[in-house]
$ cat protein.cif   # mmCIF, C-alpha atoms
data_query
loop_
_atom_site.group_PDB
_atom_site.id
_atom_site.type_symbol
_atom_site.label_atom_id
_atom_site.label_comp_id
_atom_site.auth_asym_id
_atom_site.auth_seq_id
_atom_site.Cartn_x
_atom_site.Cartn_y
_atom_site.Cartn_z
ATOM 1 C CA MET J 1 2.388 -23.969 -15.888
ATOM 2 C CA ASN J 2 4.558 -22.973 -18.832
ATOM 3 C CA LYS J 3 7.069 -20.127 -18.802
ATOM 4 C CA PHE J 4 4.815 -17.697 -20.639
ATOM 5 C CA THR J 5 1.958 -18.331 -18.217
ATOM 6 C CA GLY J 6 4.291 -17.810 -15.260
ATOM 7 C CA ILE J 7 5.272 -14.400 -16.581
ATOM 8 C CA CYS J 8 1.631 -13.471 -17.191
ATOM 9 C CA LEU J 9 0.691 -14.498 -13.681
ATOM 10 C CA SER J 10 3.528 -12.511 -12.165
ATOM 11 C CA LEU J 11 2.479 -9.438 -14.140
ATOM 12 C CA ALA J 12 -1.078 -9.800 -12.898
ATOM 13 C CA LEU J 13 -0.037 -10.098 -9.234
ATOM 14 C CA ILE J 14 2.793 -7.563 -8.901
ATOM 15 C CA VAL J 15 1.748 -4.575 -6.800
ATOM 16 C CA MET J 16 4.076 -1.594 -6.726
ATOM 17 C CA PRO J 17 4.139 0.439 -3.484
ATOM 18 C CA ILE J 18 5.027 3.925 -4.654
ATOM 19 C CA GLU J 19 2.822 6.190 -2.591
ATOM 20 C CA GLY J 20 4.042 9.769 -2.525
ATOM 21 C CA ILE J 21 5.576 9.589 -6.002
ATOM 22 C CA CYS J 22 2.799 8.688 -8.416
ATOM 23 C CA GLU J 23 0.543 5.796 -9.363
ATOM 24 C CA GLY J 24 2.229 2.469 -9.902
ATOM 25 C CA PRO J 25 2.214 0.323 -13.042
ATOM 26 C CA ARG J 26 -1.352 -0.137 -14.254
ATOM 27 C CA TYR J 27 -2.185 -3.738 -15.192
ATOM 28 C CA TYR J 28 -5.372 -4.585 -17.025
ATOM 29 C CA LYS J 29 -6.353 -7.892 -15.437
ATOM 30 C CA ASP J 30 -8.850 -8.833 -18.138
ATOM 31 C CA GLN J 31 -6.230 -8.362 -20.849
ATOM 32 C CA VAL J 32 -3.633 -10.319 -18.891
ATOM 33 C CA SER J 33 -6.120 -13.142 -18.295
ATOM 34 C CA GLU J 34 -6.898 -13.289 -22.011
ATOM 35 C CA TRP J 35 -3.164 -13.278 -22.743
ATOM 36 C CA MET J 36 -2.683 -16.213 -20.357
ATOM 37 C CA ALA J 37 -5.510 -18.171 -21.984
ATOM 38 C CA ASN J 38 -4.033 -17.658 -25.449
ATOM 39 C CA LEU J 39 -0.633 -18.843 -24.278
ATOM 40 C CA GLU J 40 -2.106 -21.921 -22.621
ATOM 41 C CA ASN J 41 -3.651 -22.760 -25.984
ATOM 42 C CA GLY J 42 -0.214 -22.624 -27.554
ATOM 43 C CA GLU J 43 -0.734 -19.533 -29.668
ATOM 44 C CA GLU J 44 2.351 -17.784 -30.983
ATOM 45 C CA HIS J 45 2.845 -14.281 -29.633
ATOM 46 C CA ASP J 46 3.148 -10.902 -31.319
ATOM 47 C CA ASN J 47 6.923 -11.057 -31.590
ATOM 48 C CA GLY J 48 6.961 -14.598 -32.977
ATOM 49 C CA GLN J 49 8.444 -16.144 -29.841
ATOM 50 C CA ALA J 50 7.709 -19.816 -29.539
ATOM 51 C CA GLU J 51 7.189 -21.434 -26.162
ATOM 52 C CA GLY J 52 10.484 -21.837 -24.322
ATOM 53 C CA GLU J 53 12.104 -18.871 -26.112
ATOM 54 C CA LEU J 54 11.405 -16.397 -23.327
ATOM 55 C CA THR J 55 14.136 -13.900 -24.124
ATOM 56 C CA TYR J 56 14.898 -10.779 -26.146
ATOM 57 C CA LYS J 57 18.083 -9.197 -27.404
ATOM 58 C CA ASN J 58 20.251 -7.244 -24.956
ATOM 59 C CA GLU J 59 18.152 -8.560 -22.065
ATOM 60 C CA PRO J 60 19.488 -6.897 -18.872
ATOM 61 C CA ASN J 61 19.936 -8.451 -15.442
ATOM 62 C CA GLY J 62 18.921 -5.315 -13.574
ATOM 63 C CA PHE J 63 19.488 -1.650 -14.378
ATOM 64 C CA ARG J 64 22.918 -0.143 -15.049
ATOM 65 C CA ASP J 65 25.188 -1.394 -12.233
ATOM 66 C CA LEU J 66 22.317 -2.550 -10.010
ATOM 67 C CA TYR J 67 21.651 -6.257 -10.399
ATOM 68 C CA TRP J 68 18.715 -8.436 -9.370
ATOM 69 C CA GLY J 69 19.194 -10.036 -5.980
ATOM 70 C CA GLU J 70 21.536 -7.395 -4.586
ATOM 71 C CA SER J 71 21.021 -6.405 -0.960
ATOM 72 C CA LEU J 72 20.264 -2.918 0.333
ATOM 73 C CA GLU J 73 23.750 -2.836 1.853
ATOM 74 C CA LYS J 74 25.282 -3.523 -1.568
ATOM 75 C CA ILE J 75 23.235 -0.755 -3.184
ATOM 76 C CA LYS J 76 24.234 1.717 -0.471
ATOM 77 C CA GLN J 77 27.895 1.154 -1.265
ATOM 78 C CA THR J 78 27.593 3.203 -4.464
ATOM 79 C CA ARG J 79 24.394 5.260 -4.139
ATOM 80 C CA ASN J 80 22.416 7.458 -1.777
ATOM 81 C CA VAL J 81 19.209 5.778 -0.679
ATOM 82 C CA LYS J 82 16.068 7.055 1.060
ATOM 83 C CA TYR J 83 13.444 4.770 2.631
ATOM 84 C CA LEU J 84 9.983 5.162 1.105
ATOM 85 C CA ASN J 85 7.617 2.514 2.454
ATOM 86 C CA TYR J 86 6.823 -1.119 3.176
ATOM 87 C CA ASN J 87 4.102 -3.080 1.398
ATOM 88 C CA ALA J 88 2.849 -5.864 3.658
ATOM 89 C CA LYS J 89 0.891 -7.544 0.864
ATOM 90 C CA THR J 90 3.979 -8.136 -1.278
ATOM 91 C CA ASN J 91 6.516 -8.101 1.585
ATOM 92 C CA LYS J 92 8.517 -5.514 -0.369
ATOM 93 C CA VAL J 93 10.387 -2.497 0.942
ATOM 94 C CA SER J 94 10.722 0.454 -1.438
ATOM 95 C CA TYR J 95 13.482 3.034 -1.554
ATOM 96 C CA ILE J 96 14.309 6.080 -3.611
ATOM 97 C CA VAL J 97 17.758 5.451 -5.089
ATOM 98 C CA TYR J 98 19.516 8.546 -6.394
ATOM 99 C CA PHE J 99 21.755 8.644 -9.428
ATOM 100 C CA ARG J 100 25.435 9.234 -8.845
ATOM 101 C CA GLU J 101 26.921 12.514 -9.994
ATOM 102 C CA ASP J 102 29.070 10.687 -12.549
ATOM 103 C CA GLU J 103 26.243 8.842 -14.337
ATOM 104 C CA PRO J 104 23.747 10.056 -16.950
ATOM 105 C CA SER J 105 20.437 11.385 -15.637
ATOM 106 C CA HIS J 106 18.646 10.397 -18.844
ATOM 107 C CA LEU J 107 17.742 7.344 -20.913
ATOM 108 C CA SER J 108 18.095 7.669 -24.683
ATOM 109 C CA ARG J 109 18.268 11.467 -24.153
ATOM 110 C CA VAL J 110 14.990 11.471 -22.194
ATOM 111 C CA PRO J 111 15.529 13.050 -18.734
ATOM 112 C CA VAL J 112 14.677 10.852 -15.739
ATOM 113 C CA THR J 113 12.466 12.700 -13.276
ATOM 114 C CA GLY J 114 14.242 13.567 -10.025
ATOM 115 C CA ARG J 115 17.575 12.040 -11.080
ATOM 116 C CA ALA J 116 16.434 8.960 -9.169
ATOM 117 C CA MET J 117 14.728 5.588 -9.447
ATOM 118 C CA LEU J 118 12.375 3.612 -7.244
ATOM 119 C CA ALA J 119 13.873 0.305 -6.107
ATOM 120 C CA SER J 120 11.913 -2.445 -4.345
ATOM 121 C CA LEU J 121 13.486 -5.304 -2.406
ATOM 122 C CA TRP J 122 11.869 -8.588 -1.409
ATOM 123 C CA ASN J 123 13.629 -10.420 1.438
ATOM 124 C CA ASN J 124 16.377 -7.788 1.112
ATOM 125 C CA ARG J 125 16.940 -8.684 -2.552
ATOM 126 C CA LEU J 126 16.472 -6.209 -5.370
ATOM 127 C CA THR J 127 13.453 -7.307 -7.416
ATOM 128 C CA ASP J 128 12.233 -4.305 -9.384
ATOM 129 C CA ILE J 129 13.146 -0.792 -10.495
ATOM 130 C CA THR J 130 10.847 1.978 -11.694
ATOM 131 C CA LEU J 131 11.754 5.218 -13.456
ATOM 132 C CA TYR J 132 9.542 8.196 -14.285
ATOM 133 C CA PHE J 133 9.606 10.643 -17.193
ATOM 134 C CA TYR J 134 7.660 13.900 -17.512
ATOM 135 C CA GLU J 135 9.240 14.935 -20.803
ATOM 136 C CA LYS J 136 6.536 15.700 -23.388
ATOM 137 C CA ASN J 137 7.471 12.989 -25.902
ATOM 138 C CA ALA J 138 8.990 10.551 -23.411
ATOM 139 C CA PHE J 139 6.803 7.583 -24.309
ATOM 140 C CA SER J 140 7.291 7.800 -28.078
ATOM 141 C CA ASP J 141 11.028 8.516 -27.769
ATOM 142 C CA LEU J 142 11.613 5.638 -25.352
ATOM 143 C CA LYS J 143 9.422 3.298 -27.397
ATOM 144 C CA TYR J 144 11.524 3.967 -30.493
ATOM 145 C CA ALA J 145 14.804 3.530 -28.596
ATOM 146 C CA MET J 146 13.660 0.349 -26.843
ATOM 147 C CA HIS J 147 12.449 -1.242 -30.073
ATOM 148 C CA SER J 148 15.926 -0.637 -31.440
ATOM 149 C CA MET J 149 17.668 -1.963 -28.321
ATOM 150 C CA PHE J 150 15.433 -4.896 -27.341
ATOM 151 C CA GLY J 151 13.691 -5.798 -30.599
ATOM 152 C CA LYS J 152 10.010 -6.486 -31.132
ATOM 153 C CA PRO J 153 8.126 -6.557 -27.815
ATOM 154 C CA PHE J 154 6.434 -9.586 -26.323
ATOM 155 C CA MET J 155 3.146 -7.693 -26.225
ATOM 156 C CA ASP J 156 2.120 -4.201 -27.348
ATOM 157 C CA LEU J 157 -1.116 -2.756 -25.953
ATOM 158 C CA ASN J 158 -0.375 0.679 -27.415
ATOM 159 C CA ASN J 159 -0.210 2.390 -24.014
ATOM 160 C CA GLN J 160 1.677 -0.509 -22.370
ATOM 161 C CA ILE J 161 4.523 -2.366 -24.042
ATOM 162 C CA TYR J 162 6.040 -5.565 -22.621
ATOM 163 C CA TRP J 163 9.384 -7.257 -23.151
ATOM 164 C CA ALA J 164 9.371 -10.606 -21.320
ATOM 165 C CA GLY J 165 12.520 -12.601 -20.607
ATOM 166 C CA ASN J 166 13.787 -15.311 -18.286
ATOM 167 C CA LYS J 167 15.833 -12.695 -16.414
ATOM 168 C CA THR J 168 13.900 -9.459 -16.765
ATOM 169 C CA VAL J 169 10.435 -8.219 -17.625
ATOM 170 C CA ILE J 170 10.368 -4.628 -18.912
ATOM 171 C CA ILE J 171 7.174 -2.594 -19.201
ATOM 172 C CA LEU J 172 6.932 0.852 -20.779
ATOM 173 C CA MET J 173 3.731 2.701 -19.879
ATOM 174 C CA ALA J 174 2.334 5.797 -21.518
ATOM 175 C CA PRO J 175 1.379 8.746 -19.298
ATOM 176 C CA GLU J 176 -2.229 9.022 -18.142
ATOM 177 C CA ASN J 177 -3.850 12.242 -16.977
ATOM 178 C CA ASN J 178 -1.150 14.114 -15.055
ATOM 179 C CA ASN J 179 0.958 11.052 -14.332
ATOM 180 C CA PRO J 180 4.369 10.546 -15.956
ATOM 181 C CA CYS J 181 5.550 7.971 -18.441
ATOM 182 C CA ILE J 182 6.756 4.934 -16.474
ATOM 183 C CA LEU J 183 9.515 2.436 -17.195
ATOM 184 C CA TYR J 184 9.310 -0.665 -15.007
ATOM 185 C CA LEU J 185 11.906 -3.457 -14.790
ATOM 186 C CA ASN J 186 11.275 -6.635 -12.809
ATOM 187 C CA SER J 187 13.280 -9.749 -11.950
ATOM 188 C CA SER J 188 11.494 -12.718 -13.536
ATOM 189 C CA GLN J 189 13.134 -15.322 -11.303
ATOM 190 C CA LEU J 190 12.725 -13.509 -7.975
ATOM 191 C CA THR J 191 9.099 -12.737 -8.789
ATOM 192 C CA LYS J 192 8.432 -16.445 -9.368
ATOM 193 C CA GLU J 193 10.195 -17.254 -6.094
ATOM 194 C CA ALA J 194 8.132 -14.671 -4.210
ATOM 195 C CA MET J 195 4.916 -16.073 -5.713
ATOM 196 C CA LYS J 196 5.807 -19.602 -4.608
ATOM 197 C CA THR J 197 6.630 -18.388 -1.106
ATOM 198 C CA GLU J 198 3.337 -16.509 -0.867
ATOM 199 C CA ALA J 199 1.387 -19.543 -2.097
ATOM 200 C CA LYS J 200 2.914 -21.718 0.657
ATOM 201 C CA SER J 201 2.144 -19.177 3.375
ATOM 202 C CA GLY J 202 -0.138 -20.533 6.086
ATOM 203 C CA TRP J 203 -0.074 -24.166 4.960
#
$ encode --input "protein.cif" --output "structure tokens"
Amino acid sequence: MNKFTGICLSLALIVMPIEGICEGPRYYKDQVSEWMANLENGEEHDNGQAEGELTYKNEPNGFRDLYWGESLEKIKQTRNVKYLNYNAKTNKVSYIVYFREDEPSHLSRVPVTGRAMLASLWNNRLTDITLYFYEKNAFSDLKYAMHSMFGKPFMDLNNQIYWAGNKTVIILMAPENNNPCILYLNSSQLTKEAMKTEAKSGW
């Protein structure tokens, strides 16, 4: 399995437990499967990345001062945290993590709903962060800002835009119906580790 295929597989299998807030990231399995097949055939992707160049400019290793792999105890040292739920299928625990008073409550001038983020931990290690935006033009404003910050995306499905890196996968999702615009960040390495652990389960 090459690096691109690993990312595709992780995107297809990630399930976000965010009951009580809104729907989670919406993955189109048929599109992801087609994407995987194209990559297996060695096709170059939309942003011109060749195989083995799984990165993008300014690739983060988390969000702000929260880094992939940090424990809940570490997060609680600087932020207020509220338990949300546990997802047995993914073995992830989700928490609402509130912004500090001294940090911006917006991204690229787009207000973050609730001055908070959703953080999920696998084996007590931070693996993904989700933010929500109800601002009218949130998707278009964030899309413009993220193109400038991260460069051409790995894949653009119009209503879902992907930046795929060895450290972090970022997905920007347009609002649907009454749901907000969603920004989702995921640890590439911890997701691969979780997938391997799940595959070995029961053997």
$ axis_aligned_box --input "protein.cif" --around "region 112-129 of chain J" --padding-each-side "6 Å" --output "AutoDock Vina command-line options"
--center_x 14.7 --center_y 1.6 --center_z -7.2 --size_x 17.7 --size_y 36.0 --size_z 29.2
$ resolve_selection --input "protein.cif" --expression "the PyMOL selection byres ((chain J and resi 113) around 12)" --output "number ranges by chain"
J: 21-22, 96, 98-99, 105-107, 110-112, 114-118, 130-135, 138, 179-183
$ residues_around --input "protein.cif" --residues "region 146-156 of chain J" --least-positions-apart "4" --cutoff "6 Å" --atoms "all atoms listed in the file" --output "list of chain:residue names"
J:Asn47, J:Lys57, J:Asn58, J:Leu142, J:Ile161, J:Tyr162, J:Trp163, J:Ala164
$ atom_distance --input "protein.cif" --atom1 "CA of Val97 (chain J)" --atom2 "CA of Asn177 (chain J)"
25.6 Å
$ resolve_selection --input "protein.cif" --expression "the PyMOL selection byres ((chain J and resi 71) around 6)" --output "JSON, numbers by chain"
{"J": [70, 72, 73, 74, 124, 125]}
$ decode --input "protein.cif" --residues "region 57-74 of chain J" --atoms "N, CA and C atoms" --output "CSV table (one decimal), in the first residue's frame"
chain,number,residue,atom,x,y,z
J,57,LYS,N,2.5,23.0,1.8
J,57,LYS,CA,3.2,24.1,2.5
J,57,LYS,C,2.4,24.5,3.8
J,58,ASN,N,3.2,24.8,4.8
J,58,ASN,CA,2.7,25.2,6.1
J,58,ASN,C,1.9,24.1,6.7
J,59,GLU,N,2.3,22.9,6.4
J,59,GLU,CA,1.5,21.7,7.0
J,59,GLU,C,1.6,21.8,8.5
J,60,PRO,N,0.5,21.8,9.3
J,60,PRO,CA,0.5,21.9,10.7
J,60,PRO,C,0.7,20.5,11.3
J,61,ASN,N,1.0,20.5,12.6
J,61,ASN,CA,1.1,19.2,13.4
J,61,ASN,C,0.1,19.2,14.5
J,62,GLY,N,-1.1,19.7,14.2
J,62,GLY,CA,-2.2,19.8,15.1
J,62,GLY,C,-3.0,21.1,14.8
J,63,PHE,N,-3.5,21.8,15.8
J,63,PHE,CA,-4.2,23.0,15.7
J,63,PHE,C,-3.8,24.0,16.8
J,64,ARG,N,-3.2,25.1,16.3
J,64,ARG,CA,-2.7,26.2,17.3
J,64,ARG,C,-1.7,25.5,18.2
J,65,ASP,N,-1.9,25.5,19.5
J,65,ASP,CA,-1.0,25.0,20.5
J,65,ASP,C,-1.4,23.6,20.9
J,66,LEU,N,-2.3,22.9,20.2
J,66,LEU,CA,-2.6,21.5,20.5
J,66,LEU,C,-2.0,20.7,19.4
J,67,TYR,N,-1.2,19.7,19.9
J,67,TYR,CA,-0.4,18.9,18.9
J,67,TYR,C,-0.9,17.4,18.9
J,68,TRP,N,-0.8,16.8,17.8
J,68,TRP,CA,-1.2,15.4,17.7
J,68,TRP,C,-0.4,14.5,18.7
J,69,GLY,N,-1.1,13.6,19.3
J,69,GLY,CA,-0.5,12.7,20.3
J,69,GLY,C,-0.6,13.2,21.7
J,70,GLU,N,-1.0,14.5,21.9
J,70,GLU,CA,-1.1,15.0,23.3
J,70,GLU,C,-2.2,14.3,24.1
J,71,SER,N,-2.0,14.1,25.4
J,71,SER,CA,-3.0,13.5,26.2
J,71,SER,C,-4.1,14.4,26.7
J,72,LEU,N,-5.2,13.9,27.2
J,72,LEU,CA,-6.2,14.8,27.7
J,72,LEU,C,-5.7,15.6,28.9
J,73,GLU,N,-4.8,15.0,29.7
J,73,GLU,CA,-4.3,15.8,30.8
J,73,GLU,C,-3.4,17.0,30.3
J,74,LYS,N,-2.7,16.8,29.3
J,74,LYS,CA,-1.9,17.9,28.7
J,74,LYS,C,-2.9,19.0,28.2
